[in-house]
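S.K.: Below is the file query12.cif, which contains mmCIF, C-alpha atoms and all ligand atoms.
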```
data_upload
loop_
_atom_site.label_atom_id
_atom_site.label_comp_id
_atom_site.auth_asym_id
_atom_site.auth_seq_id
_atom_site.Cartn_x
_atom_site.Cartn_y
_atom_site.Cartn_z
CA MET W 1 3.46 147.80 -224.55
CA SER W 2 0.99 149.79 -226.66
CA ASP W 3 -2.40 148.28 -227.41
CA SER W 4 -1.69 148.12 -231.13
CA SER W 5 1.48 146.02 -230.88
CA PRO W 6 0.90 142.27 -231.08
CA ARG W 7 1.09 140.69 -227.66
CA ARG W 8 3.30 137.66 -227.24
CA LEU W 9 1.62 134.80 -225.49
CA TYR W 10 3.20 133.67 -222.23
CA ARG W 11 5.08 130.44 -222.82
CA THR W 12 3.59 128.18 -220.20
CA ILE W 13 4.11 124.88 -218.41
CA LEU W 14 0.94 123.52 -216.81
CA LEU W 15 1.35 121.63 -213.55
CA PHE W 16 -1.64 119.36 -213.58
CA GLY W 17 -2.98 116.94 -210.97
CA ALA W 18 -5.55 116.43 -208.24
CA PRO W 19 -5.34 118.18 -204.88
CA GLY W 20 -2.58 116.53 -202.89
CA SER W 21 -0.64 115.39 -205.97
CA GLY W 22 2.27 117.69 -205.10
CA LYS W 23 1.84 120.45 -207.69
CA GLY W 24 2.51 123.19 -205.17
CA THR W 25 5.59 121.54 -203.68
CA GLN W 26 7.15 120.92 -207.07
CA GLY W 27 6.01 124.27 -208.46
CA LYS W 28 7.75 126.17 -205.68
CA ILE W 29 11.02 124.33 -206.34
CA ILE W 30 10.81 124.83 -210.11
CA GLY W 31 10.13 128.51 -209.51
CA THR W 32 13.59 128.81 -207.93
CA ILE W 33 15.29 127.64 -211.16
CA PRO W 34 16.36 130.59 -213.35
CA GLY W 35 13.99 130.90 -216.30
CA PHE W 36 10.85 129.66 -214.54
CA TYR W 37 8.21 131.73 -212.80
CA HIS W 38 5.76 129.81 -210.59
CA SER W 39 2.20 131.08 -210.25
CA ALA W 40 -0.33 129.21 -208.07
CA THR W 41 -3.93 130.46 -208.16
CA GLY W 42 -4.62 129.00 -204.71
CA ASP W 43 -1.75 131.06 -203.25
CA ILE W 44 -3.04 134.22 -204.95
CA PHE W 45 -6.50 133.60 -203.51
CA ARG W 46 -5.09 132.93 -200.05
CA SER W 47 -3.17 136.22 -200.14
CA LEU W 48 -6.44 138.18 -200.49
CA ASP W 49 -7.74 140.13 -197.54
CA LEU W 50 -10.50 137.86 -196.23
CA GLN W 51 -12.60 140.91 -195.34
CA SER W 52 -12.58 142.12 -198.95
CA GLU W 53 -15.31 141.13 -201.39
CA MET W 54 -12.89 138.99 -203.38
CA GLY W 55 -11.51 137.35 -200.25
CA ARG W 56 -14.99 136.52 -199.00
CA LYS W 57 -15.91 135.02 -202.35
CA PHE W 58 -12.84 132.78 -202.27
CA GLN W 59 -13.57 131.63 -198.73
CA GLU W 60 -17.17 130.87 -199.58
CA TYR W 61 -16.34 128.61 -202.54
CA ALA W 62 -13.09 127.06 -201.32
CA GLY W 63 -14.73 126.30 -197.97
CA ARG W 64 -17.20 124.06 -199.81
CA GLY W 65 -14.47 122.50 -201.94
CA GLU W 66 -15.83 124.16 -205.08
CA LEU W 67 -14.13 126.19 -207.75
CA VAL W 68 -14.32 129.95 -207.51
CA PRO W 69 -16.38 131.28 -210.50
CA ASP W 70 -14.39 131.37 -213.74
CA GLU W 71 -14.71 135.02 -214.81
CA PHE W 72 -13.71 136.18 -211.36
CA THR W 73 -10.76 133.76 -211.17
CA ILE W 74 -9.41 134.68 -214.59
CA ARG W 75 -9.84 138.42 -214.04
CA LEU W 76 -8.00 138.25 -210.73
CA TRP W 77 -5.21 136.11 -212.14
CA ARG W 78 -4.73 138.34 -215.20
CA GLN W 79 -4.41 141.41 -213.01
CA TYR W 80 -1.95 139.61 -210.81
CA ILE W 81 0.31 138.28 -213.56
CA GLN W 82 0.29 141.54 -215.50
CA GLY W 83 1.30 143.28 -212.27
CA MET W 84 4.17 140.81 -211.85
CA GLU W 85 5.26 141.47 -215.43
CA LEU W 86 5.09 145.22 -214.91
CA ILE W 87 7.37 145.13 -211.85
CA ASN W 88 9.73 142.73 -213.61
CA GLN W 89 9.14 139.81 -211.27
CA PHE W 90 8.01 137.77 -214.25
CA ARG W 91 9.92 138.26 -217.51
CA PRO W 92 8.05 136.49 -220.29
CA THR W 93 10.76 136.90 -222.93
CA THR W 94 13.26 134.81 -220.95
CA GLU W 95 11.06 132.90 -218.52
CA PHE W 96 8.45 130.18 -218.67
CA LEU W 97 5.30 130.65 -216.68
CA VAL W 98 4.71 127.58 -214.49
CA LEU W 99 0.96 127.51 -213.84
CA ASP W 100 -0.21 125.56 -210.82
CA GLY W 101 -3.96 125.16 -210.34
CA LEU W 102 -4.98 126.89 -213.56
CA PRO W 103 -6.85 126.21 -215.82
CA ARG W 104 -9.12 124.09 -213.65
CA ASN W 105 -11.90 123.52 -216.17
CA PRO W 106 -12.35 123.83 -219.96
CA THR W 107 -13.98 127.28 -219.68
CA GLN W 108 -10.90 128.63 -217.92
CA ALA W 109 -8.69 127.04 -220.57
CA HIS W 110 -10.64 128.91 -223.27
CA LEU W 111 -10.53 132.18 -221.35
CA LEU W 112 -6.74 131.86 -221.21
CA GLU W 113 -6.27 131.19 -224.91
CA ASP W 114 -5.32 134.77 -225.71
CA ILE W 115 -2.73 135.01 -222.95
CA ILE W 116 -0.91 131.66 -222.64
CA GLU W 117 0.65 129.23 -225.07
CA VAL W 118 1.04 125.79 -223.49
CA SER W 119 4.49 124.29 -224.11
CA ALA W 120 4.13 121.25 -221.83
CA ILE W 121 1.75 119.68 -219.35
CA ILE W 122 3.15 117.84 -216.35
CA TYR W 123 0.50 115.51 -214.97
CA LEU W 124 1.26 114.29 -211.44
CA ARG W 125 -0.70 111.13 -210.74
CA ALA W 126 -1.41 109.01 -207.68
CA GLU W 127 -4.18 106.91 -206.22
CA LYS W 128 -6.94 108.91 -204.61
CA ALA W 129 -6.30 107.36 -201.16
CA LYS W 130 -2.68 108.53 -201.24
CA MET W 131 -3.64 112.11 -202.10
CA VAL W 132 -6.37 112.21 -199.45
CA GLU W 133 -3.82 111.06 -196.87
CA ARG W 134 -1.49 113.92 -197.89
CA LEU W 135 -4.28 116.49 -197.64
CA ARG W 136 -5.14 115.31 -194.14
CA ARG W 137 -1.52 115.75 -193.13
CA ARG W 138 -1.38 119.19 -194.76
CA ALA W 139 -4.46 120.29 -192.80
CA LEU W 140 -2.50 119.83 -189.59
CA LYS W 141 0.72 121.41 -190.87
CA GLU W 142 -0.48 124.38 -192.91
CA ASN W 143 -3.77 125.18 -191.25
CA ARG W 144 -5.69 125.02 -194.53
CA PHE W 145 -9.40 125.37 -193.84
CA ASP W 146 -10.28 123.49 -197.03
CA ASP W 147 -8.26 120.42 -195.96
CA ALA W 148 -9.88 120.23 -192.55
CA SER W 149 -12.86 117.99 -193.30
CA ASP W 150 -13.16 114.75 -195.24
CA VAL W 151 -16.39 116.00 -196.82
CA VAL W 152 -14.59 119.00 -198.36
CA ILE W 153 -11.57 116.90 -199.39
CA ASN W 154 -13.87 114.42 -201.16
CA LYS W 155 -15.71 117.22 -202.88
CA ARG W 156 -12.39 118.61 -204.22
CA MET W 157 -11.45 115.17 -205.52
CA ASP W 158 -14.82 114.94 -207.31
CA VAL W 159 -14.37 118.41 -208.77
CA PHE W 160 -10.99 117.33 -210.11
CA GLU W 161 -12.46 114.22 -211.78
CA LYS W 162 -15.53 115.91 -213.24
CA GLU W 163 -14.40 119.46 -214.02
CA THR W 164 -10.61 119.59 -214.16
CA ARG W 165 -9.58 116.32 -215.79
CA PRO W 166 -11.42 117.20 -219.07
CA VAL W 167 -8.91 120.06 -219.48
CA LEU W 168 -6.41 117.43 -220.64
CA ASP W 169 -8.52 116.70 -223.73
CA ILE W 170 -8.22 120.28 -224.92
CA TYR W 171 -4.48 120.20 -225.51
CA PRO W 172 -2.51 117.97 -227.89
CA LYS W 173 -1.66 114.63 -226.25
CA LYS W 174 1.99 114.99 -227.17
CA LEU W 175 2.32 117.86 -224.69
CA VAL W 176 1.38 115.67 -221.71
CA THR W 177 3.96 113.88 -219.55
CA ARG W 178 2.53 111.65 -216.84
CA ILE W 179 4.62 111.32 -213.70
CA ASP W 180 4.04 109.00 -210.75
CA ALA W 181 3.44 111.41 -207.88
CA THR W 182 4.23 108.73 -205.28
CA LEU W 183 7.91 108.65 -206.21
CA SER W 184 10.29 110.53 -203.90
CA GLN W 185 10.11 114.31 -204.23
CA ILE W 186 13.59 114.49 -205.72
CA ARG W 187 12.76 111.84 -208.31
CA VAL W 188 9.53 113.59 -209.31
CA LEU W 189 11.57 116.79 -209.63
CA GLY W 190 14.12 114.95 -211.77
CA GLU W 191 11.40 113.72 -214.10
CA ILE W 192 9.97 117.24 -214.42
CA VAL W 193 13.42 118.73 -215.08
CA LYS W 194 13.91 116.22 -217.92
CA VAL W 195 10.86 117.73 -219.64
CA LEU W 196 11.79 121.33 -218.92
CA THR W 197 15.48 121.24 -219.92
CA PRO W 198 15.10 121.08 -223.73
CA LEU W 199 12.29 123.65 -223.65
CA LYS W 200 14.43 126.10 -221.73
CA GLU W 201 17.43 125.55 -224.00
CA THR W 202 15.25 126.28 -227.03
CA MET W 203 13.97 129.46 -225.40
CA ASP W 204 17.54 130.55 -224.64
CA ARG W 205 18.66 129.97 -228.23
CA GLU W 206 15.70 131.96 -229.57
CA TYR W 207 16.47 134.82 -227.20
CA GLU W 208 20.15 134.88 -228.15
CA GLY W 209 19.12 134.99 -231.81
CA HIS W 210 16.78 137.94 -231.23
CA PRO W 211 18.06 139.93 -228.26
P1 LIG W 301 -5.52 122.15 -204.07
O1 LIG W 301 -4.87 121.92 -205.40
O2 LIG W 301 -4.92 121.35 -202.98
O3 LIG W 301 -7.03 122.02 -204.10
P2 LIG W 301 -5.23 125.06 -204.32
O4 LIG W 301 -4.48 125.93 -203.40
O5 LIG W 301 -4.75 124.94 -205.73
O6 LIG W 301 -5.26 123.65 -203.61
O7 LIG W 301 -6.76 125.52 -204.38
C1 LIG W 301 -7.52 125.78 -203.22
C2 LIG W 301 -8.90 126.29 -203.62
O8 LIG W 301 -8.77 127.54 -204.31
C3 LIG W 301 -9.68 125.41 -204.58
O9 LIG W 301 -10.39 124.38 -203.94
C4 LIG W 301 -10.63 126.42 -205.23
O10 LIG W 301 -11.72 126.74 -204.39
C5 LIG W 301 -9.74 127.65 -205.34
N1 LIG W 301 -9.05 127.70 -206.65
C6 LIG W 301 -7.72 127.55 -206.89
N2 LIG W 301 -7.45 127.65 -208.21
C7 LIG W 301 -8.65 127.86 -208.82
C8 LIG W 301 -9.07 128.05 -210.17
N3 LIG W 301 -8.22 128.02 -211.19
N4 LIG W 301 -10.39 128.23 -210.41
C9 LIG W 301 -11.28 128.28 -209.43
N5 LIG W 301 -10.97 128.09 -208.13
C10 LIG W 301 -9.68 127.90 -207.83
#
```
What would the structure in this file look like if it were written as structure tokens?
M.R.:
Amino acid sequence: MSDSSPRRLYRTILLFGAPGSGKGTQGKIIGTIPGFYHSATGDIFRSLDLQSEMGRKFQEYAGRGELVPDEFTIRLWRQYIQGMELINQFRPTTEFLVLDGLPRNPTQAHLLEDIIEVSAIIYLRAEKAKMVERLRRRALKENRFDDASDVVINKRMDVFEKETRPVLDIYPKKLVTRIDATLSQIRVLGEIVKVLTPLKETMDREYEGHP
């Protein structure tokens, strides 16, 4: 695409919720449905070489349960997603971007304004104790260094409350669907699919009209 042509915004579904709410689990499943591309910032960070400058920065912040600085996060993510678009892994004309773990504060939401258009926000909710219990289990299963201590887990929960939750106020309320994250995985998935189905059908009709 040349610089002068208007850039279409990525049509985007935000998966929103505290650590341990199940965003990653659901995001991975949704990403297997044709027409949806799942992108998790945490996974992108974890794929960095930990010896590199970027990798060390991630480890430093995530190890304390803090957010990685905004400019750095957004720059890295933009490079990543544009790379995926270039190699045709992500096809924005026929696919929704399913964003998991981004934006994580209002500054990030503003920095993304010129690249994403939010079509829906899926907010997975559960009591804090339930999510903490899941993170403790995940620490054992997935060897996540940032799940290993209760101090870091609590810090991430605080960061969600103070920094991430205000992101919801930025977008129109009608975009937000709240889902009980303690339901069975298949039921949570069913509730998400109910939101996504009409959006995808609309996208398909638009595409057929303008191939
Ligand atoms: P969880 O949702 O369980 O906290 P993630 O894999 O989404 O797990 O994130 C792990 C860590 O990666 C975060 O604690 C944070 O340090 C970093 N991170 C992920 N996404 C972002 C983001 N959008 N902005 C800044 N830091 C991020």
S.K.: Using only C-alpha atoms, pick whichever of W:Ile44, W:Ile29, W:Leu67, W:Val152 has the shortest atom-to-atom distance to Gln108 of chain W.
M.R.: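 The closest residue to Gln108 of chain W is W:Leu67.
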S.K.: Quick one: which chain W residues come within 7 Å of ligand LIG 301 (chain W), and what is the nearest atom pair for each with the distance in Å to one decimal, counting only C-alpha atoms and all ligand atoms, rows ordered by chain and ascending number, as a Markdown table?
M.R.:
```
| residue | atom | partner | partner_atom | distance |
| --- | --- | --- | --- | --- |
| W:Ala18 | CA | W:LIG301 | O1 | 6.2 |
| W:Pro19 | CA | W:LIG301 | O2 | 3.7 |
| W:Gly20 | CA | W:LIG301 | O2 | 5.4 |
| W:Ala40 | CA | W:LIG301 | O5 | 6.6 |
| W:Thr41 | CA | W:LIG301 | N2 | 4.5 |
| W:Gly42 | CA | W:LIG301 | O4 | 3.3 |
| W:Asp43 | CA | W:LIG301 | O4 | 5.8 |
| W:Phe45 | CA | W:LIG301 | O8 | 6.5 |
| W:Phe58 | CA | W:LIG301 | O10 | 6.5 |
| W:Tyr61 | CA | W:LIG301 | O10 | 5.3 |
| W:Ala62 | CA | W:LIG301 | O10 | 3.4 |
| W:Gly65 | CA | W:LIG301 | O9 | 4.9 |
| W:Glu66 | CA | W:LIG301 | O10 | 4.9 |
| W:Leu67 | CA | W:LIG301 | N5 | 3.7 |
| W:Val68 | CA | W:LIG301 | N5 | 3.9 |
| W:Pro69 | CA | W:LIG301 | C9 | 6.0 |
| W:Asp70 | CA | W:LIG301 | N4 | 6.1 |
| W:Thr73 | CA | W:LIG301 | N4 | 5.6 |
| W:Asp100 | CA | W:LIG301 | O5 | 6.8 |
| W:Gly101 | CA | W:LIG301 | O5 | 4.7 |
| W:Leu102 | CA | W:LIG301 | N3 | 4.2 |
| W:Pro103 | CA | W:LIG301 | N3 | 5.2 |
| W:Arg104 | CA | W:LIG301 | N3 | 4.7 |
| W:Asp146 | CA | W:LIG301 | O9 | 7.0 |
| W:Arg156 | CA | W:LIG301 | O9 | 6.1 |
```
S.K.: Of the candidates W:Leu76, W:Leu168, W:Ile122, W:Ile33, which one gets nearest to Lys57 of chain W if we count all atoms listed in the file?
M.R.: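 Of W:Leu76, W:Leu168, W:Ile122, W:Ile33, the one nearest Lys57 of chain W is W:Leu76, counting all atoms listed in the file.
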S.K.: Please provide the set of residues having any atom within 6 Å of segment 81-97 of chain W, restricted to all atoms listed in the file, with same-chain residues fewer than 6 positions apart removed, written as a ChimeraX atom specification.
M.R.: /W:10-12,35-37
S.K.: Please report the interatomic distance between atom CA of Ser184 of chain W and atom CA of Arg165 of chain W in Å with one decimal.
M.R.: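 Separation between atom CA of Ser184 of chain W and atom CA of Arg165 of chain W: 23.9 Å.
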S.K.: When you draw a straight line from atom CA of Glu117 of chain W to atom CA of Leu199 of chain W, how long is it in Å?
M.R.: 13.0 Å
S.K.: Just checking: using all atoms listed in the file, which residue out of W:Leu140, W:Met157, W:Leu99, W:Val176 ends up closest to Leu124 of chain W?
M.R.: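 Going through W:Leu140, W:Met157, W:Leu99, W:Val176 one by one, the smallest distance to Leu124 of chain W is for W:Val176.
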S.K.: Nearest to Gly31 of chain W among W:Ile121, W:Val98, W:Leu112, W:Ala126, with distances taken over all atoms listed in the file: which residue is it?
M.R.: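 Checking each candidate against Gly31 of chain W, we get W:Val98 as the closest.
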S.K.: I'd like the interatomic distance between atom CA of Ile13 of chain W and atom CA of Lys162 of chain W, to a tenth of an Å.
M.R.: 22.2 Å
S.K.: Using all atoms listed in the file, pick whichever of W:Ala139, W:Ala148, W:Leu15, W:Leu9 has the shortest atom-to-atom distance to Asp114 of chain W.
M.R.: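 Of the candidates, the smallest distance to Asp114 of chain W is held by W:Leu9.
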S.K.: Could you tell me which of W:Glu163, W:Phe16, W:Val195, W:Thr32 comes closest to Pro106 of chain W if we count only C-alpha atoms?
M.R.: W:Glu163
S.K.: If I wrap all listed atoms of segment 29-35 of chain W in a box with edges along x, y and z and add 3 Å on each side, what are its centre and edge lengths in Å to one decimal, as AutoDock Vina command-line options?
M.R.:
```
--center_x 13.2 --center_y 127.6 --center_z -211.3 --size_x 12.2 --size_y 12.6 --size_z 16.0
```
S.K.: Using only C-alpha atoms, which protein or nucleic acid residues come within 8 Å of Leu175 of chain W? Drop anything in the same chain fewer than 2 positions from it, and give the result as a ChimeraX atom specification.
M.R.: /W:119-121,171-173,177
